[in-house]
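Enquirer: This is final_21.cif (mmCIF, C-alpha atoms and all ligand atoms).
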data_target
loop_
_atom_site.group_PDB
_atom_site.id
_atom_site.type_symbol
_atom_site.label_atom_id
_atom_site.label_comp_id
_atom_site.auth_asym_id
_atom_site.auth_seq_id
_atom_site.Cartn_x
_atom_site.Cartn_y
_atom_site.Cartn_z
ATOM 1 C CA MET A 1 67.552 -23.340 -32.241
ATOM 2 C CA ALA A 2 70.347 -20.942 -31.353
ATOM 3 C CA ARG A 3 69.687 -20.300 -27.695
ATOM 4 C CA LYS A 4 71.484 -17.388 -26.114
ATOM 5 C CA THR A 5 73.743 -18.475 -23.307
ATOM 6 C CA ASP A 6 72.566 -17.261 -19.972
ATOM 7 C CA SER A 7 75.071 -14.785 -18.678
ATOM 8 C CA ARG A 8 72.632 -13.034 -16.400
ATOM 9 C CA THR A 9 73.966 -14.506 -13.202
ATOM 10 C CA GLN A 10 77.375 -13.050 -13.937
ATOM 11 C CA LEU A 11 76.185 -9.498 -14.374
ATOM 12 C CA PRO A 12 77.165 -7.205 -11.487
ATOM 13 C CA GLY A 13 74.315 -5.551 -9.635
ATOM 14 C CA LEU A 14 71.785 -7.946 -11.083
ATOM 15 C CA GLU A 15 70.315 -8.681 -7.688
ATOM 16 C CA GLU A 16 68.870 -5.164 -7.724
ATOM 17 C CA LEU A 17 66.776 -5.845 -10.795
ATOM 18 C CA PRO A 18 63.066 -6.454 -10.245
ATOM 19 C CA THR A 19 61.976 -10.092 -10.283
ATOM 20 C CA GLY A 20 59.458 -11.293 -12.848
ATOM 21 C CA ALA A 21 56.644 -13.791 -12.340
ATOM 22 C CA THR A 22 59.002 -16.678 -13.130
ATOM 23 C CA GLY A 23 61.229 -15.672 -10.207
ATOM 24 C CA ARG A 24 63.955 -14.609 -12.615
ATOM 25 C CA PRO A 25 65.050 -11.020 -13.163
ATOM 26 C CA VAL A 26 62.841 -9.055 -15.534
ATOM 27 C CA GLN A 27 64.387 -8.950 -18.994
ATOM 28 C CA VAL A 28 63.933 -6.401 -21.708
ATOM 29 C CA PHE A 29 63.355 -7.858 -25.141
ATOM 30 C CA GLU A 30 64.297 -5.383 -27.818
ATOM 31 C CA GLU A 31 62.023 -4.450 -30.685
ATOM 32 C CA PRO A 32 63.175 -6.794 -33.478
ATOM 33 C CA ALA A 33 64.770 -5.414 -36.611
ATOM 34 C CA PRO A 34 62.632 -5.717 -39.728
ATOM 35 C CA LEU A 35 63.396 -8.750 -41.893
ATOM 36 C CA LYS A 36 65.288 -8.000 -45.091
ATOM 37 C CA SER A 37 63.898 -11.017 -46.910
ATOM 38 C CA HIS A 38 61.075 -13.457 -46.296
ATOM 39 C CA GLY A 39 60.746 -17.250 -45.978
ATOM 40 C CA PRO A 40 61.170 -20.125 -45.804
ATOM 41 C CA ALA A 41 58.996 -20.386 -42.728
ATOM 42 C CA ARG A 42 59.888 -21.862 -39.393
ATOM 43 C CA ILE A 43 56.938 -24.049 -38.457
ATOM 44 C CA VAL A 44 55.828 -24.086 -34.815
ATOM 45 C CA SER A 45 53.070 -26.218 -33.295
ATOM 46 C CA LEU A 46 51.057 -24.879 -30.362
ATOM 47 C CA CYS A 47 50.473 -28.095 -28.544
ATOM 48 C CA ASN A 48 49.005 -29.395 -25.295
ATOM 49 C CA GLN A 49 46.597 -32.307 -25.101
ATOM 50 C CA LYS A 50 44.882 -30.643 -22.156
ATOM 51 C CA GLY A 51 41.891 -28.599 -23.280
ATOM 52 C CA GLY A 52 41.384 -24.901 -22.691
ATOM 53 C CA VAL A 53 44.962 -23.951 -21.818
ATOM 54 C CA GLY A 54 45.281 -21.125 -24.335
ATOM 55 C CA LYS A 55 46.568 -22.821 -27.513
ATOM 56 C CA THR A 56 44.141 -21.039 -29.807
ATOM 57 C CA THR A 57 44.367 -17.735 -27.956
ATOM 58 C CA THR A 58 48.153 -17.912 -28.180
ATOM 59 C CA THR A 59 48.102 -18.781 -31.895
ATOM 60 C CA ILE A 60 45.865 -15.794 -32.622
ATOM 61 C CA ASN A 61 47.663 -13.242 -30.503
ATOM 62 C CA LEU A 62 51.222 -14.393 -31.034
ATOM 63 C CA GLY A 63 50.469 -14.552 -34.758
ATOM 64 C CA ALA A 64 49.085 -11.015 -34.723
ATOM 65 C CA ALA A 65 52.024 -9.735 -32.660
ATOM 66 C CA LEU A 66 54.567 -11.318 -35.015
ATOM 67 C CA ALA A 67 52.719 -9.882 -38.014
ATOM 68 C CA GLY A 68 52.904 -6.519 -36.251
ATOM 69 C CA TYR A 69 56.691 -6.867 -36.312
ATOM 70 C CA GLY A 70 56.578 -7.282 -40.094
ATOM 71 C CA ARG A 71 56.741 -11.065 -40.098
ATOM 72 C CA ARG A 72 54.642 -12.944 -42.636
ATOM 73 C CA VAL A 73 52.579 -15.343 -40.574
ATOM 74 C CA LEU A 74 50.350 -18.236 -41.613
ATOM 75 C CA ALA A 75 48.140 -19.790 -38.943
ATOM 76 C CA ILE A 76 46.827 -23.314 -39.484
ATOM 77 C CA ASP A 77 43.579 -24.282 -37.803
ATOM 78 C CA PHE A 78 44.212 -27.927 -36.980
ATOM 79 C CA ASP A 79 41.278 -28.478 -34.664
ATOM 80 C CA PRO A 80 37.881 -29.662 -35.958
ATOM 81 C CA GLN A 81 36.255 -27.229 -33.498
ATOM 82 C CA GLY A 82 37.442 -24.419 -35.773
ATOM 83 C CA ALA A 83 38.047 -22.038 -32.849
ATOM 84 C CA LEU A 84 41.041 -20.427 -34.533
ATOM 85 C CA SER A 85 39.020 -19.711 -37.672
ATOM 86 C CA ALA A 86 36.205 -18.246 -35.551
ATOM 87 C CA GLY A 87 38.633 -16.252 -33.412
ATOM 88 C CA LEU A 88 40.093 -14.678 -36.528
ATOM 89 C CA GLY A 89 36.664 -14.101 -38.046
ATOM 90 C CA VAL A 90 37.034 -16.099 -41.267
ATOM 91 C CA PRO A 91 34.365 -18.289 -42.892
ATOM 92 C CA THR A 92 34.749 -22.075 -42.595
ATOM 93 C CA HIS A 93 31.922 -23.314 -44.823
ATOM 94 C CA ASP A 94 31.911 -23.376 -48.623
ATOM 95 C CA VAL A 95 35.647 -22.686 -48.532
ATOM 96 C CA THR A 96 38.678 -24.938 -48.936
ATOM 97 C CA THR A 97 39.834 -26.118 -45.517
ATOM 98 C CA ILE A 98 42.883 -27.897 -44.179
ATOM 99 C CA TYR A 99 40.886 -31.142 -44.346
ATOM 100 C CA ASP A 100 40.498 -30.823 -48.125
ATOM 101 C CA LEU A 101 44.260 -30.343 -48.437
ATOM 102 C CA LEU A 102 45.024 -33.397 -46.295
ATOM 103 C CA LEU A 103 42.708 -35.531 -48.371
ATOM 104 C CA SER A 104 43.750 -34.425 -51.813
ATOM 105 C CA GLY A 105 47.476 -34.179 -52.408
ATOM 106 C CA SER A 106 46.867 -32.520 -55.772
ATOM 107 C CA LYS A 107 45.012 -29.482 -54.359
ATOM 108 C CA ASP A 108 47.060 -26.285 -54.247
ATOM 109 C CA PRO A 109 47.182 -25.125 -50.587
ATOM 110 C CA HIS A 110 47.268 -21.503 -51.768
ATOM 111 C CA GLU A 111 43.577 -21.986 -52.624
ATOM 112 C CA ALA A 112 42.788 -22.487 -48.947
ATOM 113 C CA ILE A 113 44.633 -19.460 -47.588
ATOM 114 C CA GLN A 114 42.446 -16.621 -46.340
ATOM 115 C CA GLN A 115 43.521 -13.183 -45.209
ATOM 116 C CA THR A 116 42.483 -12.001 -41.748
ATOM 117 C CA SER A 117 41.760 -8.481 -40.505
ATOM 118 C CA VAL A 118 45.396 -8.336 -39.389
ATOM 119 C CA GLU A 119 47.826 -7.362 -42.104
ATOM 120 C CA GLY A 120 50.471 -10.034 -42.547
ATOM 121 C CA LEU A 121 48.445 -12.731 -40.756
ATOM 122 C CA ASP A 122 46.818 -15.349 -43.003
ATOM 123 C CA ILE A 123 44.986 -18.527 -42.081
ATOM 124 C CA ILE A 124 44.041 -21.914 -43.467
ATOM 125 C CA PRO A 125 40.709 -22.637 -41.749
ATOM 126 C CA ALA A 126 39.175 -25.838 -40.442
ATOM 127 C CA ASN A 127 35.692 -27.045 -39.659
ATOM 128 C CA ILE A 128 34.098 -30.151 -38.221
ATOM 129 C CA ASP A 129 34.978 -32.139 -41.381
ATOM 130 C CA LEU A 130 38.476 -32.410 -39.947
ATOM 131 C CA SER A 131 37.165 -34.789 -37.280
ATOM 132 C CA ALA A 132 36.871 -37.414 -40.046
ATOM 133 C CA ALA A 133 40.570 -37.096 -40.833
ATOM 134 C CA GLU A 134 41.608 -39.594 -38.172
ATOM 135 C CA VAL A 135 39.563 -42.284 -39.926
ATOM 136 C CA HIS A 136 40.625 -41.306 -43.437
ATOM 137 C CA LEU A 137 44.320 -41.061 -42.667
ATOM 138 C CA VAL A 138 44.631 -44.412 -40.939
ATOM 139 C CA ASN A 139 45.077 -46.296 -44.219
ATOM 140 C CA GLU A 140 47.288 -43.722 -45.944
ATOM 141 C CA VAL A 141 50.922 -44.399 -46.725
ATOM 142 C CA ALA A 142 53.168 -42.199 -44.562
ATOM 143 C CA ARG A 143 50.072 -40.877 -42.812
ATOM 144 C CA GLU A 144 52.095 -38.911 -40.274
ATOM 145 C CA GLN A 145 53.721 -36.809 -42.990
ATOM 146 C CA ILE A 146 50.691 -35.550 -44.855
ATOM 147 C CA LEU A 147 50.532 -32.087 -43.271
ATOM 148 C CA ALA A 148 54.287 -31.659 -43.744
ATOM 149 C CA ARG A 149 53.809 -32.271 -47.462
ATOM 150 C CA VAL A 150 50.992 -29.719 -47.654
ATOM 151 C CA LEU A 151 52.946 -27.026 -45.802
ATOM 152 C CA ARG A 152 56.061 -27.493 -47.912
ATOM 153 C CA LYS A 153 54.153 -25.935 -50.816
ATOM 154 C CA VAL A 154 53.460 -22.649 -48.981
ATOM 155 C CA SER A 155 56.475 -22.442 -46.703
ATOM 156 C CA ASN A 156 58.458 -20.103 -48.951
ATOM 157 C CA ASP A 157 55.747 -17.432 -48.768
ATOM 158 C CA TYR A 158 55.937 -17.070 -44.970
ATOM 159 C CA ASP A 159 58.393 -16.436 -42.162
ATOM 160 C CA ILE A 160 56.414 -18.310 -39.529
ATOM 161 C CA ILE A 161 53.702 -20.949 -39.690
ATOM 162 C CA LEU A 162 51.806 -21.536 -36.429
ATOM 163 C CA ILE A 163 49.752 -24.719 -36.089
ATOM 164 C CA ASP A 164 46.905 -24.597 -33.576
ATOM 165 C CA CYS A 165 46.593 -28.234 -32.446
ATOM 166 C CA GLN A 166 43.516 -29.908 -31.041
ATOM 167 C CA PRO A 167 43.575 -31.106 -27.405
ATOM 168 C CA SER A 168 44.685 -34.674 -28.103
ATOM 169 C CA LEU A 169 47.796 -36.596 -29.027
ATOM 170 C CA GLY A 170 46.158 -38.397 -31.940
ATOM 171 C CA ILE A 171 47.140 -38.627 -35.581
ATOM 172 C CA LEU A 172 46.418 -34.954 -36.318
ATOM 173 C CA THR A 173 48.735 -33.764 -33.567
ATOM 174 C CA VAL A 174 51.408 -36.238 -34.657
ATOM 175 C CA ASN A 175 51.073 -34.789 -38.176
ATOM 176 C CA ALA A 176 51.534 -31.291 -36.754
ATOM 177 C CA LEU A 177 54.618 -32.342 -34.782
ATOM 178 C CA THR A 178 56.065 -34.131 -37.804
ATOM 179 C CA ALA A 179 55.645 -30.972 -39.891
ATOM 180 C CA SER A 180 57.178 -28.673 -37.249
ATOM 181 C CA HIS A 181 60.589 -27.288 -36.483
ATOM 182 C CA GLY A 182 59.520 -26.410 -32.972
ATOM 183 C CA VAL A 183 56.803 -26.824 -30.348
ATOM 184 C CA LEU A 184 55.472 -24.179 -28.023
ATOM 185 C CA ILE A 185 53.487 -25.531 -25.072
ATOM 186 C CA PRO A 186 50.932 -23.167 -23.565
ATOM 187 C CA LEU A 187 50.475 -24.167 -19.932
ATOM 188 C CA GLU A 188 47.626 -22.938 -17.775
ATOM 189 C CA CYS A 189 48.710 -21.868 -14.300
ATOM 190 C CA GLU A 190 46.489 -24.267 -12.368
ATOM 191 C CA PHE A 191 47.072 -27.291 -10.216
ATOM 192 C CA PHE A 192 46.709 -30.131 -12.768
ATOM 193 C CA ALA A 193 48.635 -28.320 -15.471
ATOM 194 C CA LEU A 194 51.876 -30.193 -14.951
ATOM 195 C CA ARG A 195 50.317 -33.636 -15.100
ATOM 196 C CA GLY A 196 50.044 -33.975 -18.867
ATOM 197 C CA VAL A 197 53.257 -32.224 -19.817
ATOM 198 C CA ALA A 198 55.490 -35.235 -19.178
ATOM 199 C CA LEU A 199 53.342 -37.304 -21.548
ATOM 200 C CA LEU A 200 53.456 -34.523 -24.126
ATOM 201 C CA ILE A 201 57.232 -34.298 -23.923
ATOM 202 C CA GLU A 202 57.409 -38.082 -24.263
ATOM 203 C CA THR A 203 55.319 -37.821 -27.440
ATOM 204 C CA ILE A 204 57.596 -35.097 -28.820
ATOM 205 C CA ASP A 205 60.594 -37.347 -28.060
ATOM 206 C CA LYS A 206 58.975 -40.245 -29.925
ATOM 207 C CA VAL A 207 58.251 -38.034 -32.932
ATOM 208 C CA ARG A 208 61.874 -36.868 -32.857
ATOM 209 C CA ASP A 209 63.058 -40.451 -32.707
ATOM 210 C CA ARG A 210 60.882 -41.870 -35.439
ATOM 211 C CA LEU A 211 59.601 -39.137 -37.726
ATOM 212 C CA ASN A 212 61.203 -35.732 -37.339
ATOM 213 C CA PRO A 213 64.745 -35.705 -35.876
ATOM 214 C CA ALA A 214 64.956 -31.905 -36.050
ATOM 215 C CA ILE A 215 62.003 -31.041 -33.810
ATOM 216 C CA GLU A 216 62.820 -28.832 -30.824
ATOM 217 C CA LEU A 217 60.917 -27.777 -27.723
ATOM 218 C CA ASP A 218 60.904 -24.032 -28.226
ATOM 219 C CA GLY A 219 59.392 -23.216 -24.892
ATOM 220 C CA ILE A 220 56.619 -23.396 -22.363
ATOM 221 C CA LEU A 221 54.383 -20.355 -22.130
ATOM 222 C CA ALA A 222 52.547 -19.923 -18.835
ATOM 223 C CA THR A 223 49.016 -18.646 -19.432
ATOM 224 C CA MET A 224 46.061 -17.499 -17.307
ATOM 225 C CA TYR A 225 48.398 -16.402 -14.544
ATOM 226 C CA ASP A 226 46.800 -14.487 -11.696
ATOM 227 C CA SER A 227 49.473 -12.806 -9.601
ATOM 228 C CA ARG A 228 46.939 -12.092 -6.826
ATOM 229 C CA THR A 229 46.496 -15.761 -5.993
ATOM 230 C CA LEU A 230 49.048 -17.777 -4.093
ATOM 231 C CA HIS A 231 47.878 -20.766 -6.132
ATOM 232 C CA SER A 232 48.947 -19.253 -9.464
ATOM 233 C CA ARG A 233 52.299 -18.211 -8.006
ATOM 234 C CA GLU A 234 52.923 -21.674 -6.564
ATOM 235 C CA VAL A 235 52.054 -23.448 -9.802
ATOM 236 C CA LEU A 236 54.353 -21.177 -11.806
ATOM 237 C CA GLU A 237 57.136 -21.792 -9.298
ATOM 238 C CA ARG A 238 56.734 -25.552 -9.752
ATOM 239 C CA VAL A 239 56.687 -25.226 -13.528
ATOM 240 C CA VAL A 240 59.934 -23.238 -13.450
ATOM 241 C CA ASP A 241 61.461 -25.776 -11.026
ATOM 242 C CA ALA A 242 60.562 -28.584 -13.405
ATOM 243 C CA PHE A 243 61.410 -27.007 -16.753
ATOM 244 C CA GLY A 244 63.966 -24.292 -15.993
ATOM 245 C CA ASP A 245 64.723 -21.860 -18.776
ATOM 246 C CA ARG A 246 62.457 -23.708 -21.180
ATOM 247 C CA VAL A 247 59.750 -21.638 -19.476
ATOM 248 C CA LEU A 248 59.496 -18.278 -21.196
ATOM 249 C CA ASP A 249 60.080 -15.219 -19.041
ATOM 250 C CA THR A 250 56.936 -13.787 -20.534
ATOM 251 C CA VAL A 251 53.831 -14.876 -18.647
ATOM 252 C CA ILE A 252 50.282 -14.278 -19.900
ATOM 253 C CA GLY A 253 47.934 -12.998 -17.213
ATOM 254 C CA ARG A 254 44.321 -14.061 -16.740
ATOM 255 C CA THR A 255 41.848 -11.510 -18.073
ATOM 256 C CA VAL A 256 38.312 -11.456 -19.459
ATOM 257 C CA LYS A 257 39.578 -9.406 -22.389
ATOM 258 C CA PHE A 258 40.462 -12.669 -24.174
ATOM 259 C CA PRO A 259 36.933 -14.106 -24.297
ATOM 260 C CA ASP A 260 35.691 -10.624 -25.269
ATOM 261 C CA ALA A 261 38.177 -10.392 -28.137
ATOM 262 C CA SER A 262 37.252 -13.927 -29.305
ATOM 263 C CA VAL A 263 33.609 -12.944 -29.543
ATOM 264 C CA ALA A 264 34.640 -9.941 -31.628
ATOM 265 C CA GLY A 265 36.677 -12.254 -33.908
ATOM 266 C CA VAL A 266 39.892 -10.226 -33.621
ATOM 267 C CA PRO A 267 43.182 -10.579 -31.715
ATOM 268 C CA ILE A 268 43.505 -8.740 -28.437
ATOM 269 C CA THR A 269 46.364 -6.804 -29.997
ATOM 270 C CA GLU A 270 43.678 -5.163 -32.188
ATOM 271 C CA PHE A 271 40.742 -5.295 -29.757
ATOM 272 C CA ALA A 272 42.532 -3.638 -26.837
ATOM 273 C CA PRO A 273 46.084 -2.825 -27.964
ATOM 274 C CA GLU A 274 46.955 -0.980 -24.755
ATOM 275 C CA HIS A 275 45.759 -3.765 -22.458
ATOM 276 C CA ALA A 276 48.446 -5.567 -20.458
ATOM 277 C CA ALA A 277 47.493 -8.852 -22.139
ATOM 278 C CA ALA A 278 48.096 -7.428 -25.614
ATOM 279 C CA LYS A 279 51.472 -6.159 -24.440
ATOM 280 C CA ALA A 280 52.259 -9.575 -22.962
ATOM 281 C CA TYR A 281 51.746 -11.328 -26.303
ATOM 282 C CA LYS A 282 53.891 -8.709 -28.028
ATOM 283 C CA GLN A 283 56.575 -9.412 -25.453
ATOM 284 C CA ALA A 284 56.209 -13.164 -26.019
ATOM 285 C CA ALA A 285 56.747 -12.519 -29.729
ATOM 286 C CA ARG A 286 59.916 -10.513 -29.022
ATOM 287 C CA GLU A 287 61.181 -13.158 -26.601
ATOM 288 C CA LEU A 288 60.652 -15.967 -29.126
ATOM 289 C CA ILE A 289 62.441 -13.929 -31.800
ATOM 290 C CA GLN A 290 65.330 -13.327 -29.409
ATOM 291 C CA ARG A 291 65.466 -17.045 -28.534
ATOM 292 C CA GLY A 292 65.661 -17.859 -32.235
ATOM 293 C CA ALA A 293 62.398 -19.810 -32.130
ATOM 294 C CA VAL A 294 60.960 -17.614 -34.866
ATOM 295 C CA ALA A 295 62.579 -15.341 -37.442
HETATM 296 N N1 LIG A 301 44.989 -15.405 -20.428
HETATM 297 C C1 LIG A 301 43.684 -15.692 -20.415
HETATM 298 N N2 LIG A 301 42.885 -15.157 -19.484
HETATM 299 C C2 LIG A 301 41.551 -15.450 -19.450
HETATM 300 N N3 LIG A 301 40.938 -16.238 -20.336
HETATM 301 C C3 LIG A 301 41.690 -16.805 -21.295
HETATM 302 C C4 LIG A 301 43.096 -16.565 -21.390
HETATM 303 N N4 LIG A 301 43.573 -17.252 -22.460
HETATM 304 C C5 LIG A 301 42.518 -17.902 -22.981
HETATM 305 N N5 LIG A 301 41.386 -17.629 -22.302
HETATM 306 C C6 LIG A 301 40.033 -18.159 -22.534
HETATM 307 O O1 LIG A 301 40.027 -19.514 -22.112
HETATM 308 C C7 LIG A 301 39.284 -20.320 -23.034
HETATM 309 C C8 LIG A 301 40.202 -21.396 -23.598
HETATM 310 O O2 LIG A 301 41.244 -20.774 -24.337
HETATM 311 P P1 LIG A 301 41.726 -21.360 -25.736
HETATM 312 O O3 LIG A 301 40.535 -21.653 -26.597
HETATM 313 O O4 LIG A 301 42.752 -20.467 -26.272
HETATM 314 O O5 LIG A 301 42.380 -22.718 -25.235
HETATM 315 P P2 LIG A 301 42.759 -23.989 -26.101
HETATM 316 O O6 LIG A 301 43.911 -24.620 -25.428
HETATM 317 O O7 LIG A 301 42.893 -23.629 -27.534
HETATM 318 O O8 LIG A 301 41.446 -24.878 -25.924
HETATM 319 P P3 LIG A 301 41.104 -26.246 -26.701
HETATM 320 O O9 LIG A 301 41.963 -27.281 -26.058
HETATM 321 O O10 LIG A 301 39.641 -26.455 -26.440
HETATM 322 O O11 LIG A 301 41.438 -26.034 -28.136
HETATM 323 C C9 LIG A 301 38.748 -19.363 -24.089
HETATM 324 O O12 LIG A 301 37.452 -18.994 -23.714
HETATM 325 C C10 LIG A 301 39.668 -18.167 -24.000
HETATM 326 O O13 LIG A 301 39.041 -16.974 -24.397
HETATM 327 MG MG MG A 302 41.972 -24.469 -29.248
#
Take the structure I supplied and represent it as structure tokens, if you would.
Expert:
Amino acid sequence: MARKTDSRTQLPGLEELPTGATGRPVQVFEEPAPLKSHGPARIVSLCNQKGGVGKTTTTINLGAALAGYGRRVLAIDFDPQGALSAGLGVPTHDVTTIYDLLLSGSKDPHEAIQQTSVEGLDIIPANIDLSAAEVHLVNEVAREQILARVLRKVSNDYDIILIDCQPSLGILTVNALTASHGVLIPLECEFFALRGVALLIETIDKVRDRLNPAIELDGILATMYDSRTLHSREVLERVVDAFGDRVLDTVIGRTVKFPDASVAGVPITEFAPEHAAAKAYKQAARELIQRGAVA
């Protein structure tokens, strides 16, 4: 990933700029220019083995925000709970799911793609069948590379593929990491958040070593941040201390609008486009584009 060099500290008068939640000066991320051509996709896994940190919410809303900037986005539901499919309001029964594609190499993945209510945002759904994948894949040859093979067939049709991982580091997540160019780690701003991240980074390093030399850590996105609590501020400070500029400047605040939008089956960018949280995900999209993590 082509990371911009950080020249901010050299800018005169910078100390007068307002400070963002990460303790760094607030940056402006420009509206991205429209793409002149599309594909092949950069594939990014949303990964954290800790449950309920905002992986699915980030996949939905980042996906919608990127689609809003004219990017062609495919979201992969890679969790047997099917929360991504539900959050985007698509059916998961009597349809082809990601599980069917993993099991049958001859199936055309285009069959499984469904459109969502957001223009430019498509999805391959999942349902509870996917929980059997662990068992089925164990005896497969090159079992870690099965998702990569599936996605190769649709990659040219999209600019970005986002994989919503389940909260574990099992074979499904290893498949997602093996298929990915980058990983984005959503991290909830609470006390135990940091605990699992070292293990996750170790797993990413192993995948890089053994299966996918090109994989990069695209960033850590702090979620559920509540600026009114000292606790949230302290946790974010520790995260930035530990991970430096791998932590995105954009921070997602805690708000009940997210559960509300999930119930409605639409992204917050559609449900409440003027809400601060919708704007935050749009900013995250612009920041990731500027960092080169997505097109
Ligand atoms: N910024 C936020 N503020 C408040 N609630 C949020 C926020 N982001 C997500 N939520 C809510 O927190 C819950 C967990 O979020 P989400 O499902 O995105 O996490 P997850 O990491 O995908 O969970 P799992 O590990 O179970 O897949 C959901 O009810 C969601 O609506
Ligand atoms: Mg989830």
Enquirer: Residues picked by the PyMOL selection byres (((not hetatm)) within 8 of (chain A and resi 302)) here, as a list in words?
Expert: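 Evaluating the PyMOL selection byres (((not hetatm)) within 8 of (chain A and resi 302)) on these coordinates yields Gly51, Gly52, Gly54, Lys55, Thr56, Thr57, Asp79, Gln81, Gly82, Ala83, Leu84, Asp164, Cys165, Gln166 and Pro167 of chain A.
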Enquirer: Choose the residue, out of A:Ser155, A:Thr92, A:Asn48, A:Thr255, that has the smallest atom-to-atom separation from Pro125 of chain A; count all atoms listed in the file.
Expert: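 For Pro125 of chain A, the nearest of the candidates is A:Thr92.
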Enquirer: How many Å lie between atom CA of Ile113 of chain A and atom CA of Ala133 of chain A, rounded to one decimal?
Expert: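 Value for the atom CA of Ile113 of chain A-atom CA of Ala133 of chain A distance: 19.3 Å.
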Enquirer: So, with only C-alpha atoms and all ligand atoms as the atoms that count, which of A:Lys50, A:Lys36, A:Arg72, A:Arg233 lies closest to ligand LIG 301 (chain A)?
Expert: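 Under the stated criterion, the closest residue is A:Lys50.
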Enquirer: May I ask which of the residues A:Val44, A:Arg238, A:His136, A:Ala277 is the closest one to Phe191 of chain A, counting all atoms listed in the file?
Expert: A:Arg238
Enquirer: Taking all atoms of ligand LIG 301 (chain A) that appear in the file, build a box with edges along x, y and z, extend it by 4 Å on every side, and state its centre and edge lengths in Å to one decimal, as AutoDock Vina command-line options.
Expert:
--center_x 41.2 --center_y -21.2 --center_z -23.8 --size_x 15.5 --size_y 20.1 --size_z 16.7
Enquirer: Skipping near chain neighbours, those fewer than 3 positions away, what residues fall within 8 Å of Ala284 of chain A using all atoms listed in the file, listed as a PDB file with C-alpha atoms, keeping the file's coordinate frame?
Expert:
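Below is the file that was written, out.pdb:
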ATOM      1  CA  LEU A  62      51.222 -14.393 -31.034  1.00  0.00           C
ATOM      2  CA  LEU A 248      59.496 -18.278 -21.196  1.00  0.00           C
ATOM      3  CA  THR A 250      56.936 -13.787 -20.534  1.00  0.00           C
ATOM      4  CA  VAL A 251      53.831 -14.876 -18.647  1.00  0.00           C
ATOM      5  CA  ALA A 280      52.259  -9.575 -22.962  1.00  0.00           C
ATOM      6  CA  TYR A 281      51.746 -11.328 -26.303  1.00  0.00           C
ATOM      7  CA  GLU A 287      61.181 -13.158 -26.601  1.00  0.00           C
ATOM      8  CA  LEU A 288      60.652 -15.967 -29.126  1.00  0.00           C
TER       9      LEU A 288
END
Enquirer: Do a neighbour search on Leu162 of chain A at 10 Å with all atoms listed in the file, toss out local chain neighbours closer than 5 positions, and write the hits as a list in words.
Expert: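 Result of the neighbour search: Ala41, Arg42, Ile43, Val44, Ser45, Leu46, Thr58, Thr59, Ile60, Leu62, Gly63, Val73, Leu74, Ala75, Ile76, Asp77, Phe78, Ile123, Ala176, Ser180, Gly182, Val183 and Leu184 of chain A.
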Enquirer: To one decimal in Å, tell me the separation between atom CA of Ile215 of chain A and atom CA of Arg246 of chain A.
Expert: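 Atom CA of Arg246 of chain A lies at a distance of 14.6 Å from atom CA of Ile215 of chain A.
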Enquirer: Check which residues satisfy the PyMOL selection byres (((chain A and resi 222) around 9) and not hetatm) in the file shown, then give them as a PyMOL selection string.
Expert: chain A and resi 185-189+220-221+223-225+236+239+247-253
